[in-house]
Each structure stands twice: as C-alpha cells, then as structure tokens.
Amino acid sequence: MDWPPQSVDLNPIEPIWVRSFTRAVIPQYSWAFSLNFPFPIQKSRPEATFCIQASFTLLSHVGCSNVTYLHRQSAMDTWYMDDSDEDQRLPHKLDPNQPVPLEDLEKIGVFYWRLNADIYENDPQLENIRKDRGYSFMDIITVHKDKLPNYEEKLKMFYEEHLHLDEEIRYILDGSGYFDVRNKDDRWIRIAMSKGDMITLPAGIYHRFTMDETNYAKAMRLFVGEPVWKAYNRPADDLEIRQKYLNSLKCASVM
Ligand SMILES: CSCCC(=O)/C(O)=C/O
Ligand SMILES: [Fe+2]
Ligand code: NI
C-alpha cells in the first residue's frame with residue numbers, strides 16, 4: 001500500500017470496517033486509525049474526504065508503528081501555562097494546576113516516548129524508532145552556558161515562538177527543560193522534559209523551548225535526512241506547512 005494513499009474511496013467505508021480492515025491487513029496503522037477516524041464516515045459528510053487526506057498527512061509526519069507505540073507511556077508532566085511575565089524558567093502552572101492529558105497532545109500531533117537514556121548508545125528501542133520513522137540523522141546538543149557557543153543568544157532564539165518545515169524530534173539524555181506548544185485554541189501547553197523523555201513536534205506547530213531552573217539539558221536531535229534547523233518566527237501563517245498543519249487539526253474538530 002502506498003503511504004500516504006493517493007486517493008480514498010469513501011462511499012463504501014464505514015468506521016467499523018475501516019478499523020477491522022486496518023487491524024487485519026495493516027495492523028501497525030490500526031491505532032492511528034482508531035485515533036483519527038472515530039467518526040462515522042458517510043456520503044453526506046464531504047468534509048470527511050478532506051479530513052482523511054489531512055489525517056494521512058499528519059500521520060505520515062508522525063509515523064505509525066505498533067513497535068514504537070508499544071513503548072509510549074503517559075508519565076510526562078504537561079500543563080496549561082499561566083500568563084505571567086515572570087522568569088520563563090519557572091513552571092508557570094495555573095492555580096489550581098490544569099494538567100493536559102497525553103491524548104490531547106496526540107490530537108495536536110505531539111507524540112512522546114519514554115526510553116532508557118543510560119543505554120542510548122546501544123538501545124534497541126531507540127533503534128526501532130529511528131528505523132521505523134526514518135530518523136537517519138542524529139547529533140547531540142548540550143545546552144549549558146559553558147558548553148554551547150553563543151548560549152544566551154541561542155536561548156533567546158529557542159524561546160521565540162516559531163515553527164519548522166519539518167518535524168522536531170528531541171530526546172533528553174541528561175538534565176531537563178520545557179517545550180511549550182500551542183494548542184488548537186492558541187493556549188500554551190508546557191511539557192516538562194527530563195532524562196529519558198523523547199518527543200516529536202509536528203511540522204507547522206508553533207512552539208518554543210526554555211531551560212528550567214537546573215539550566216542544563218543534553219539532548220539528542222534526530223531528523224529525517226539532512227537536518228534543516230531553520231525556524232520561522234510567528235507570524236508564519238502564510239506558510240504552506242502551517243496551513244497543512246491547521247487542516248489536520250480541523251479534521252479532529254469534525255470528529
Ligand atoms: C533541548 S534542544 C534545544 C531546543 C531546540 O533545539 C529547538 O529547536 C527548539 O525549538
Ligand atoms: Fe526548534
Ligand atoms: Ni523548534
């Protein structure tokens with residue numbers, strides 16, 4: 001089967017059928033189908049065609065594998081941020097705290113794994129993820145004032161709200177930090193990342209990164225093919241990738 005498929009004939013498709021078919025024939029995609037196609041696909045819902053295409057686009061960015069998804073866990077700490085201008089390195093939780101479930105992050109295309117960072121140099125689980133999702137490039141960045149050239153300047157860049165034309169994949173090998181992502185309603189969600197946390201942010205999502213109060217993070221950066229680090233600061237709404245990303249979200253809202 002081509003991935004993503006070029007066309008999908010909606011007429012005979014019912015959701016139960018879609019799920020049974022994918023479980024039987026392409027089981028590695030059934031989880032994704034369950035997530036993305038819980039709504040009845042009917043002839044009377046023309047938006048479904050568009051949604052299916054958008055979902056395939058999103059899924060082809062995030063990848064799908066029964067091997068890698070087996071290792072997803074819901075341990076990551078995430079919450080809606082307050083609006084205060086205090087030090088960005090503080091947690092910025094609301095009072096009372098409003099945690100964000102992992103499923104809500106998945107709905108905006110953010111995916112997470114928990115790995116054993118002590119064995120990252122020879123970790124079969126990491127190898128599976130890399131092979132499965134085509135992460136051919138890998139390097140390591142240490143974000144610390146004594147290790148990273150132009151440290152202050154880089155921190156400013158990381159914290160400027162931006163998007164990329166490709167997926168951003170980071171695996172924290174040591175230390176910790178916060179990734180902030182915008183949800184569908186443009187609210188900031190803060191994702192606390194520490195040793196062993198791996199995350200992918202979809203192309204086109206507005207996000208930023210900041211150190212936390214430990215001021216130290218060592219991270220693996222992964223990429224499909226030659227890395228492109230270029231960041232497009234907000235506003236970047238005219239970029240095609242932004243529109244594609246927004247379309248993939250609209251899909252979730254008609255489900
Ligand atoms: C811990 S990795 C540093 C942050 C980064 O690389 C990035 O691209 C943020 O958007
Ligand atoms: Fe980035
Ligand atoms: Ni980024």
# chains A, B, ... in the order shown; residues from 1 in each chain; ligands from 1
call {"tool": "residues_near_ligand", "arguments": {"ligand": "ligand 1", "cutoff": "6 Å", "atoms": "only C-alpha atoms and all ligand atoms", "output": "list in words"}}
result
Phe158, Arg208, Phe209, Ala217 and Ala219 of chain A
call {"tool": "residues_near_ligand", "arguments": {"ligand": "ligand 2", "cutoff": "9 Å", "atoms": "only C-alpha atoms and all ligand atoms", "output": "PDB file with C-alpha atoms, in the first residue's frame"}}
result
ATOM      1  CA  MET A 157      16.099  32.018  19.720  1.00  0.00           C
ATOM      2  CA  PHE A 158      14.773  28.824  21.290  1.00  0.00           C
ATOM      3  CA  HIS A 162       8.371  29.607  15.948  1.00  0.00           C
ATOM      4  CA  LEU A 163       7.624  26.710  13.640  1.00  0.00           C
ATOM      5  CA  HIS A 164       9.658  24.479  11.329  1.00  0.00           C
ATOM      6  CA  GLU A 168      11.247  18.483  15.504  1.00  0.00           C
ATOM      7  CA  ILE A 169      12.476  15.439  17.429  1.00  0.00           C
ATOM      8  CA  HIS A 207       6.347  26.082  19.830  1.00  0.00           C
ATOM      9  CA  ARG A 208       9.373  27.211  21.840  1.00  0.00           C
ATOM     10  CA  PHE A 209      11.933  25.776  24.265  1.00  0.00           C
ATOM     11  CA  TRP A 229      17.302  23.900  11.645  1.00  0.00           C
ATOM     12  CA  LYS A 230      15.655  26.993  10.179  1.00  0.00           C
ATOM     13  CA  ALA A 231      12.964  28.430  12.433  1.00  0.00           C
TER      14      ALA A 231
END
call {"tool": "select_by_dssp", "arguments": {"residues": "range 74-216 of chain A", "states": "helix (DSSP H, G or I)", "output": "ChimeraX atom specification"}}
result
/A:102-107,117-122,124-133,151-159
call {"tool": "closest_residue", "arguments": {"among": "A:Trp113, A:Tyr80, A:Phe137, A:Tyr245", "to": "Gly204 in chain A", "atoms": "only C-alpha atoms"}}
result
A:Tyr245
call {"tool": "select_by_dssp", "arguments": {"residues": "range 87-227 of chain A", "states": "strand (DSSP E or B)", "output": "VMD selection string"}}
result
chain A and resid 93 99 111 to 114 137 to 143 162 to 163 168 to 182 188 to 194 197 to 201 207 to 211 217 to 223
